[in-house]
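Structure file coords.cif (mmCIF, C-alpha atoms) is printed below.
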data_entry
loop_
_atom_site.group_PDB
_atom_site.id
_atom_site.type_symbol
_atom_site.label_atom_id
_atom_site.label_comp_id
_atom_site.auth_asym_id
_atom_site.auth_seq_id
_atom_site.Cartn_x
_atom_site.Cartn_y
_atom_site.Cartn_z
ATOM 1 C CA MET A 1 -18.714 -13.932 -12.655
ATOM 2 C CA ALA A 2 -20.261 -12.507 -9.492
ATOM 3 C CA ILE A 3 -18.490 -13.341 -6.222
ATOM 4 C CA ASN A 4 -20.863 -14.919 -3.686
ATOM 5 C CA ILE A 5 -21.062 -13.252 -0.240
ATOM 6 C CA LYS A 6 -22.912 -14.274 2.923
ATOM 7 C CA LEU A 7 -23.392 -11.162 5.047
ATOM 8 C CA ARG A 8 -24.859 -10.810 8.548
ATOM 9 C CA ALA A 9 -25.146 -7.819 10.855
ATOM 10 C CA GLY A 10 -26.441 -7.446 14.397
ATOM 11 C CA ASN A 11 -25.455 -6.423 17.935
ATOM 12 C CA GLY A 12 -22.889 -3.963 16.603
ATOM 13 C CA GLU A 13 -21.066 -6.631 14.616
ATOM 14 C CA ILE A 14 -20.797 -7.238 10.872
ATOM 15 C CA LYS A 15 -19.704 -10.671 9.627
ATOM 16 C CA ALA A 16 -19.178 -11.928 6.098
ATOM 17 C CA LEU A 17 -18.060 -15.114 4.393
ATOM 18 C CA ILE A 18 -16.962 -14.723 0.784
ATOM 19 C CA SER A 19 -16.702 -17.653 -1.646
ATOM 20 C CA HIS A 20 -13.355 -17.316 -3.388
ATOM 21 C CA PRO A 21 -10.314 -19.544 -4.165
ATOM 22 C CA SER A 22 -7.857 -16.915 -2.811
ATOM 23 C CA GLU A 23 -4.861 -18.319 -4.705
ATOM 24 C CA ASN A 24 -1.624 -16.536 -3.801
ATOM 25 C CA GLY A 25 0.219 -17.516 -7.003
ATOM 26 C CA LEU A 26 2.729 -19.711 -5.122
ATOM 27 C CA ARG A 27 0.899 -23.060 -5.065
ATOM 28 C CA LYS A 28 1.552 -25.774 -7.602
ATOM 29 C CA ASP A 29 -1.167 -27.906 -9.099
ATOM 30 C CA PRO A 30 -0.370 -31.396 -7.688
ATOM 31 C CA LYS A 31 -1.405 -33.071 -10.978
ATOM 32 C CA THR A 32 0.426 -30.913 -13.519
ATOM 33 C CA GLY A 33 3.195 -29.389 -11.384
ATOM 34 C CA GLN A 34 2.288 -26.010 -12.855
ATOM 35 C CA ILE A 35 1.999 -22.886 -10.684
ATOM 36 C CA ILE A 36 -1.638 -21.930 -10.072
ATOM 37 C CA PRO A 37 -1.945 -18.250 -11.080
ATOM 38 C CA ALA A 38 -2.708 -15.680 -8.374
ATOM 39 C CA HIS A 39 -6.447 -15.154 -7.952
ATOM 40 C CA PHE A 40 -7.488 -13.333 -4.788
ATOM 41 C CA ILE A 41 -9.728 -10.569 -3.533
ATOM 42 C CA ASP A 42 -7.723 -7.336 -3.529
ATOM 43 C CA SER A 43 -10.381 -4.877 -2.431
ATOM 44 C CA ILE A 44 -13.116 -5.011 0.215
ATOM 45 C CA LYS A 45 -15.434 -2.230 1.300
ATOM 46 C CA VAL A 46 -18.109 -2.101 4.012
ATOM 47 C CA ALA A 47 -20.679 0.694 4.286
ATOM 48 C CA LEU A 48 -23.213 1.382 7.042
ATOM 49 C CA ASN A 49 -26.247 3.325 5.818
ATOM 50 C CA GLY A 50 -24.187 4.391 2.797
ATOM 51 C CA LYS A 51 -21.208 5.642 4.805
ATOM 52 C CA THR A 52 -17.933 3.749 4.290
ATOM 53 C CA VAL A 53 -16.748 2.228 7.576
ATOM 54 C CA LEU A 54 -14.087 -0.092 6.156
ATOM 55 C CA ASP A 55 -12.040 0.374 2.997
ATOM 56 C CA GLY A 56 -9.592 -2.486 2.786
ATOM 57 C CA GLN A 57 -7.011 -4.171 0.601
ATOM 58 C CA TRP A 58 -6.130 -7.860 0.754
ATOM 59 C CA GLY A 59 -3.219 -9.879 -0.585
ATOM 60 C CA GLY A 60 -2.997 -13.594 -1.373
ATOM 61 C CA GLY A 61 -2.337 -14.329 2.314
ATOM 62 C CA VAL A 62 -6.021 -14.203 3.207
ATOM 63 C CA SER A 63 -7.444 -17.732 3.546
ATOM 64 C CA LYS A 64 -9.589 -19.442 0.923
ATOM 65 C CA ASP A 65 -13.253 -18.415 1.246
ATOM 66 C CA PRO A 66 -12.291 -15.243 3.153
ATOM 67 C CA PHE A 67 -13.987 -14.373 6.433
ATOM 68 C CA ILE A 68 -14.177 -10.905 7.911
ATOM 69 C CA ALA A 69 -15.842 -9.561 11.047
ATOM 70 C CA LEU A 70 -15.748 -6.122 12.599
ATOM 71 C CA ARG A 71 -17.538 -4.071 15.207
ATOM 72 C CA VAL A 72 -18.907 -0.681 14.193
ATOM 73 C CA LYS A 73 -19.962 2.083 16.568
ATOM 74 C CA GLY A 74 -23.567 3.195 16.476
ATOM 75 C CA MET A 75 -24.958 0.342 14.366
ATOM 76 C CA LYS A 76 -28.558 -0.401 15.348
ATOM 77 C CA ALA A 77 -31.382 -2.692 14.257
ATOM 78 C CA GLY A 78 -32.776 -1.704 10.864
ATOM 79 C CA ASP A 79 -29.537 -0.163 9.602
ATOM 80 C CA THR A 80 -28.420 -1.089 6.098
ATOM 81 C CA VAL A 81 -25.044 -2.781 5.711
ATOM 82 C CA ASN A 82 -23.419 -3.165 2.311
ATOM 83 C CA LEU A 83 -20.288 -5.178 1.556
ATOM 84 C CA SER A 84 -18.539 -5.146 -1.807
ATOM 85 C CA VAL A 85 -15.437 -6.922 -3.044
ATOM 86 C CA LYS A 86 -13.279 -6.997 -6.164
ATOM 87 C CA ASP A 87 -10.616 -9.548 -7.098
ATOM 88 C CA ASN A 88 -7.365 -9.201 -9.047
ATOM 89 C CA LYS A 89 -9.084 -10.446 -12.213
ATOM 90 C CA GLY A 90 -11.757 -7.751 -12.012
ATOM 91 C CA ASP A 91 -14.640 -9.936 -10.783
ATOM 92 C CA THR A 92 -16.862 -8.234 -8.224
ATOM 93 C CA GLY A 93 -19.412 -9.118 -5.561
ATOM 94 C CA ASN A 94 -21.894 -7.101 -3.562
ATOM 95 C CA SER A 95 -24.243 -7.962 -0.719
ATOM 96 C CA GLU A 96 -26.629 -5.998 1.444
ATOM 97 C CA ALA A 97 -28.147 -6.888 4.824
ATOM 98 C CA ILE A 98 -30.368 -5.233 7.390
ATOM 99 C CA ALA A 99 -28.914 -5.215 10.902
ATOM 100 C CA SER A 100 -30.925 -7.153 13.478
ATOM 101 C CA MET B 1 -11.010 -3.404 -16.590
ATOM 102 C CA ASN B 2 -7.900 -2.241 -14.737
ATOM 103 C CA ALA B 3 -6.434 -0.810 -17.916
ATOM 104 C CA THR B 4 -9.666 1.101 -18.517
ATOM 105 C CA ARG B 5 -9.564 2.404 -14.980
ATOM 106 C CA ARG B 6 -5.979 3.597 -15.297
ATOM 107 C CA LEU B 7 -6.700 5.352 -18.574
ATOM 108 C CA LEU B 8 -9.706 7.042 -17.049
ATOM 109 C CA LEU B 9 -7.765 8.108 -13.974
ATOM 110 C CA LYS B 10 -4.977 9.453 -16.157
ATOM 111 C CA ALA B 11 -7.379 11.359 -18.345
ATOM 112 C CA ALA B 12 -9.664 12.555 -15.605
ATOM 113 C CA SER B 13 -7.714 14.808 -13.322
ATOM 114 C CA SER B 14 -10.821 16.539 -11.985
ATOM 115 C CA ALA B 15 -13.198 14.977 -9.495
ATOM 116 C CA GLY B 16 -16.096 15.930 -11.752
ATOM 117 C CA LEU B 17 -14.870 13.781 -14.582
ATOM 118 C CA ILE B 18 -14.395 10.842 -12.233
ATOM 119 C CA ALA B 19 -17.884 11.382 -10.822
ATOM 120 C CA SER B 20 -19.356 11.242 -14.309
ATOM 121 C CA ALA B 21 -17.376 8.070 -14.994
ATOM 122 C CA VAL B 22 -18.919 6.593 -11.830
ATOM 123 C CA ALA B 23 -22.362 7.704 -13.006
ATOM 124 C CA ALA B 24 -21.756 6.116 -16.403
ATOM 125 C CA GLY B 25 -20.976 2.834 -14.650
ATOM 126 C CA LEU B 26 -17.391 2.744 -15.863
ATOM 127 C CA LEU B 27 -16.020 2.923 -12.338
ATOM 128 C CA LYS B 28 -17.428 1.409 -9.201
ATOM 129 C CA PRO B 29 -17.649 3.795 -6.280
ATOM 130 C CA GLY B 30 -15.289 2.815 -3.503
ATOM 131 C CA HIS B 31 -12.918 1.000 -5.769
ATOM 132 C CA ALA B 32 -12.249 3.935 -8.041
ATOM 133 C CA LEU B 33 -9.521 5.843 -6.286
ATOM 134 C CA ALA B 34 -7.682 3.538 -3.893
ATOM 135 C CA ASP B 35 -5.216 1.628 -6.062
ATOM 136 C CA TRP B 36 -4.060 -1.737 -4.742
ATOM 137 C CA ASP B 37 -0.800 -1.229 -2.859
ATOM 138 C CA SER B 38 1.372 -3.503 -4.988
ATOM 139 C CA ALA B 39 4.684 -2.440 -3.397
ATOM 140 C CA ALA B 40 3.481 -3.218 0.129
ATOM 141 C CA PHE B 41 1.860 -6.570 -0.750
ATOM 142 C CA SER B 42 4.858 -7.691 -2.859
ATOM 143 C CA ALA B 43 7.478 -6.890 -0.200
ATOM 144 C CA THR B 44 9.199 -10.126 0.824
ATOM 145 C CA ARG B 45 10.853 -8.827 4.003
ATOM 146 C CA LEU B 46 8.920 -7.705 7.075
ATOM 147 C CA ASN B 47 10.807 -4.394 7.376
ATOM 148 C CA ASP B 48 10.150 -3.551 3.724
ATOM 149 C CA ALA B 49 6.438 -4.321 4.120
ATOM 150 C CA LEU B 50 6.249 -2.152 7.263
ATOM 151 C CA ALA B 51 8.069 0.693 5.505
ATOM 152 C CA ALA B 52 5.731 0.422 2.503
ATOM 153 C CA ILE B 53 2.669 0.963 4.685
ATOM 154 C CA GLY B 54 4.418 3.731 6.624
ATOM 155 C CA ALA B 55 4.478 1.736 9.869
ATOM 156 C CA SER B 56 8.219 1.363 10.571
ATOM 157 C CA GLY B 57 8.090 3.487 13.726
ATOM 158 C CA ALA B 58 5.057 1.880 15.395
ATOM 159 C CA THR B 59 5.173 1.772 19.215
ATOM 160 C CA THR B 60 4.409 -1.483 21.041
ATOM 161 C CA SER B 61 1.071 -1.092 22.816
ATOM 162 C CA LEU B 62 -0.631 -3.098 25.544
ATOM 163 C CA ASP B 63 -3.946 -1.632 24.351
ATOM 164 C CA ILE B 64 -3.903 -3.980 21.350
ATOM 165 C CA VAL B 65 -4.577 -7.701 21.736
ATOM 166 C CA VAL B 66 -3.894 -10.059 18.851
ATOM 167 C CA LYS B 67 -5.941 -13.177 19.489
ATOM 168 C CA THR B 68 -4.986 -16.372 17.659
ATOM 169 C CA PRO B 69 -4.770 -20.080 18.455
ATOM 170 C CA ASP B 70 -1.465 -21.070 20.147
ATOM 171 C CA ILE B 71 -1.018 -23.861 17.642
ATOM 172 C CA ALA B 72 -2.592 -24.001 14.187
ATOM 173 C CA GLU B 73 -2.368 -27.449 12.631
ATOM 174 C CA ASN B 74 -3.410 -26.132 9.245
ATOM 175 C CA GLY B 75 -1.476 -23.013 8.221
ATOM 176 C CA ALA B 76 -3.975 -22.408 5.413
ATOM 177 C CA VAL B 77 -6.638 -21.180 7.852
ATOM 178 C CA VAL B 78 -5.473 -19.302 10.942
ATOM 179 C CA PRO B 79 -8.127 -17.152 12.640
ATOM 180 C CA VAL B 80 -6.776 -13.758 13.723
ATOM 181 C CA GLU B 81 -8.774 -11.303 15.830
ATOM 182 C CA VAL B 82 -7.481 -7.824 16.629
ATOM 183 C CA PHE B 83 -8.976 -6.148 19.703
ATOM 184 C CA THR B 84 -8.059 -2.644 20.806
ATOM 185 C CA THR B 85 -9.244 -0.145 23.386
ATOM 186 C CA LEU B 86 -7.452 2.705 21.586
ATOM 187 C CA SER B 87 -9.832 5.472 20.540
ATOM 188 C CA GLY B 88 -9.898 7.134 17.134
ATOM 189 C CA VAL B 89 -8.738 4.048 15.219
ATOM 190 C CA GLU B 90 -8.311 4.939 11.545
ATOM 191 C CA PHE B 91 -6.141 2.129 10.144
ATOM 192 C CA ILE B 92 -5.300 -1.527 10.871
ATOM 193 C CA ALA B 93 -2.854 -3.808 9.051
ATOM 194 C CA ILE B 94 -2.191 -7.512 9.646
ATOM 195 C CA LEU B 95 1.124 -9.180 8.828
ATOM 196 C CA ALA B 96 2.497 -12.714 9.209
ATOM 197 C CA GLU B 97 6.169 -12.044 9.833
ATOM 198 C CA LYS B 98 7.646 -15.086 8.052
ATOM 199 C CA ASN B 99 5.233 -15.412 5.136
ATOM 200 C CA PRO B 100 6.659 -15.179 1.580
ATOM 201 C CA THR B 101 5.022 -11.736 1.475
ATOM 202 C CA PRO B 102 4.269 -10.667 5.077
ATOM 203 C CA LEU B 103 1.497 -8.106 4.475
ATOM 204 C CA ILE B 104 -1.895 -9.828 4.447
ATOM 205 C CA ALA B 105 -4.487 -7.099 4.898
ATOM 206 C CA GLN B 106 -4.779 -3.371 5.467
ATOM 207 C CA TYR B 107 -7.919 -1.433 6.303
ATOM 208 C CA THR B 108 -8.902 2.214 6.519
ATOM 209 C CA LEU B 109 -11.612 2.440 9.192
ATOM 210 C CA THR B 110 -14.319 4.850 10.353
ATOM 211 C CA ASP B 111 -16.484 4.443 13.501
ATOM 212 C CA PHE B 112 -14.434 1.370 14.412
ATOM 213 C CA ASP B 113 -15.564 -0.283 17.657
ATOM 214 C CA GLY B 114 -12.542 -2.254 18.793
ATOM 215 C CA MET B 115 -12.734 -5.619 16.969
ATOM 216 C CA LEU B 116 -11.626 -6.786 13.528
ATOM 217 C CA SER B 117 -11.226 -10.417 12.483
ATOM 218 C CA THR B 118 -9.825 -12.175 9.398
ATOM 219 C CA ARG B 119 -8.585 -15.700 8.634
ATOM 220 C CA ILE B 120 -5.073 -15.839 7.212
ATOM 221 C CA LYS B 121 -2.534 -18.238 5.679
ATOM 222 C CA MET B 122 0.805 -18.851 7.417
ATOM 223 C CA ARG B 123 3.848 -20.562 5.926
ATOM 224 C CA GLU B 124 5.539 -21.428 9.206
ATOM 225 C CA THR B 125 5.628 -20.711 12.948
ATOM 226 C CA ALA B 126 5.898 -16.944 13.282
ATOM 227 C CA LYS B 127 4.517 -13.846 14.902
ATOM 228 C CA VAL B 128 1.289 -12.384 13.618
ATOM 229 C CA ARG B 129 1.624 -8.615 13.893
ATOM 230 C CA ALA B 130 -1.115 -6.000 13.975
ATOM 231 C CA ILE B 131 -0.443 -2.344 13.186
ATOM 232 C CA VAL B 132 -3.040 0.108 14.487
ATOM 233 C CA LYS B 133 -3.109 3.809 13.686
ATOM 234 C CA ALA B 134 -5.160 5.753 16.213
ATOM 235 C CA GLY B 135 -5.300 9.494 16.775
ATOM 236 C CA GLY B 136 -2.619 9.910 14.117
ATOM 237 C CA LYS B 137 -0.112 7.652 15.941
ATOM 238 C CA LEU B 138 1.083 4.154 15.069
ATOM 239 C CA TYR B 139 0.933 1.293 17.550
ATOM 240 C CA THR B 140 1.692 -2.417 17.248
ATOM 241 C CA ALA B 141 1.298 -5.763 18.981
ATOM 242 C CA ALA B 142 2.192 -9.316 17.956
ATOM 243 C CA ARG B 143 1.519 -12.904 18.950
ATOM 244 C CA GLU B 144 3.341 -16.079 17.941
ATOM 245 C CA VAL B 145 1.418 -18.912 16.299
ATOM 246 C CA LYS B 146 2.939 -22.392 15.980
ATOM 247 C CA ILE B 147 2.182 -23.901 12.580
ATOM 248 C CA THR B 148 2.163 -27.680 12.035
ATOM 249 C CA ILE B 149 1.600 -27.697 8.255
ATOM 250 C CA GLY B 150 2.367 -24.534 6.274
ATOM 251 C CA GLY B 151 -0.420 -23.024 4.229
ATOM 252 C CA CYS B 152 1.271 -20.947 1.562
ATOM 253 C CA GLY B 153 2.463 -23.583 -0.930
ATOM 254 C CA GLY B 154 5.612 -23.023 -2.996
#
Write the structure described by the file as structure tokens, please.
Amino acid sequence: MAINIKLRAGNGEIKALISHPSENGLRKDPKTGQIIPAHFIDSIKVALNGKTVLDGQWGGGVSKDPFIALRVKGMKAGDTVNLSVKDNKGDTGNSEAIAS
Amino acid sequence: MNATRRLLLKAASSAGLIASAVAAGLLKPGHALADWDSAAFSATRLNDALAAIGASGATTSLDIVVKTPDIAENGAVVPVEVFTTLSGVEFIAILAEKNPTPLIAQYTLTDFDGMLSTRIKMRETAKVRAIVKAGGKLYTAAREVKITIGGCGG
């Protein structure tokens, strides 16, 4: 299943909101008492005009529906920003935006 | 998918073979070579997590500002912003010192312009620590966040 990403870029800043449960594998289901298995994004990559500017790894300590923002040197209006993620179950997401 | 990737990486010792695997759609570029750092993310003690990311000897720096709320009522969502005026930033890691596993995120960066932000979970009142590698040297700064309700479960 594709992971949904909202991506925005402008004024030198890239921001993204990623729809994901981000379960760390420590929480119990309040109804069943069973541990909810770990399910989190473990890899995130941001590219500006095809060049990787962020190559990151996440653990289960990132909040549900992860948010990331960063400032990148030299980004200008019209540049292409691409953000891709992968979770520990192998699901992936990819989003592209044009910087304003 | 991970098993496939490992087999491919084992079999393909040359970059050419990996490139053809990327072309064939078996591997996704960008996620092909950097394996998830299981040892660092599984470390349950702060010092072990810092050692696993090679950041044990980081120097405290006033050129890094970790911006967080003073008090976070909900430990499940704590906004953390890392600002730095250091030049040549190539790596940033974020840790919550008293979390069950302290390492939360680590990033390799190019053309970084001084600001990185993520929202994290915190189990209890603790310092949030940023590690920044710039110009080949390791620096660190931390800020305490008071947590009303822990956000890690367990």
Enumerate, in order of chain and increasing residue number, the residues of chain B with an atom no farther than 6 Å from chain A, each with its shortest atom pair and distance in Å to one decimal, counting only C-alpha atoms, as a tab-separated table.
residue	atom	partner	partner_atom	distance
B:Val77	CA	A:Ser63	CA	5.6
B:Ile104	CA	A:Gly61	CA	5.0
B:Ala105	CA	A:Trp58	CA	4.5
B:Gln106	CA	A:Gln57	CA	5.4
B:Tyr107	CA	A:Gly56	CA	4.0
B:Thr108	CA	A:Asp55	CA	5.1
B:Leu109	CA	A:Leu54	CA	4.7
B:Thr110	CA	A:Val53	CA	4.5
B:Asp111	CA	A:Lys73	CA	5.2
B:Phe112	CA	A:Val72	CA	4.9
B:Asp113	CA	A:Val72	CA	4.8
B:Met115	CA	A:Leu70	CA	5.3
B:Leu116	CA	A:Leu70	CA	4.3
B:Ser117	CA	A:Ala69	CA	4.9
B:Thr118	CA	A:Ile68	CA	4.8
B:Arg119	CA	A:Ser63	CA	5.6
B:Ile120	CA	A:Val62	CA	4.4
B:Lys121	CA	A:Gly61	CA	5.2
B:Gly153	CA	A:Arg27	CA	4.5
B:Gly154	CA	A:Leu26	CA	4.9
Evaluate the PyMOL selection byres ((chain A and resi 3) around 7) and report residues as number ranges by chain: A: 1-2, 4-5, 19, 91-93
Distance in Å - CA of Pro30 in chain A versus CA of Leu95 in chain B: 27.7 Å
Long-range neighbours of range 34-50 of chain B as a PyMOL selection string, 6 Å cut-off, all atoms listed in the file, 5 positions minimum in chain: chain B and resi 55-56+97+100-103
With C-alpha atoms retained, export the selected residues as a PDB file, in the coordinates of the input.
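This is the output file part24.pdb:
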ATOM      1  CA  ALA B  55       4.478   1.736   9.869  1.00  0.00           C
ATOM      2  CA  SER B  56       8.219   1.363  10.571  1.00  0.00           C
ATOM      3  CA  GLU B  97       6.169 -12.044   9.833  1.00  0.00           C
ATOM      4  CA  PRO B 100       6.659 -15.179   1.580  1.00  0.00           C
ATOM      5  CA  THR B 101       5.022 -11.736   1.475  1.00  0.00           C
ATOM      6  CA  PRO B 102       4.269 -10.667   5.077  1.00  0.00           C
ATOM      7  CA  LEU B 103       1.497  -8.106   4.475  1.00  0.00           C
TER       8      LEU B 103
END
Atom-to-atom span, CA of Gly54 in chain B and CA of Leu83 in chain A, Å: 26.7 Å
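You will find CA of His20 in chain A at 14.6 Å from CA of Ser95 in chain A.
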Residues matched by the PyMOL selection byres ((chain B and resi 123) around 6), written as a PyMOL selection string: chain B and resi 99+122+124+150-152
Residues in the PyMOL selection byres ((chain B and resi 85) around 12), expressed as a PyMOL selection string: chain B and resi 61-65+82-84+86-89+112-115+132+134+139
All residues 10 Å or closer to Ala126 in chain B, all atoms listed in the file, same chain fewer than 6 positions away omitted, as a PyMOL selection string: chain B and resi 96-99+142-147
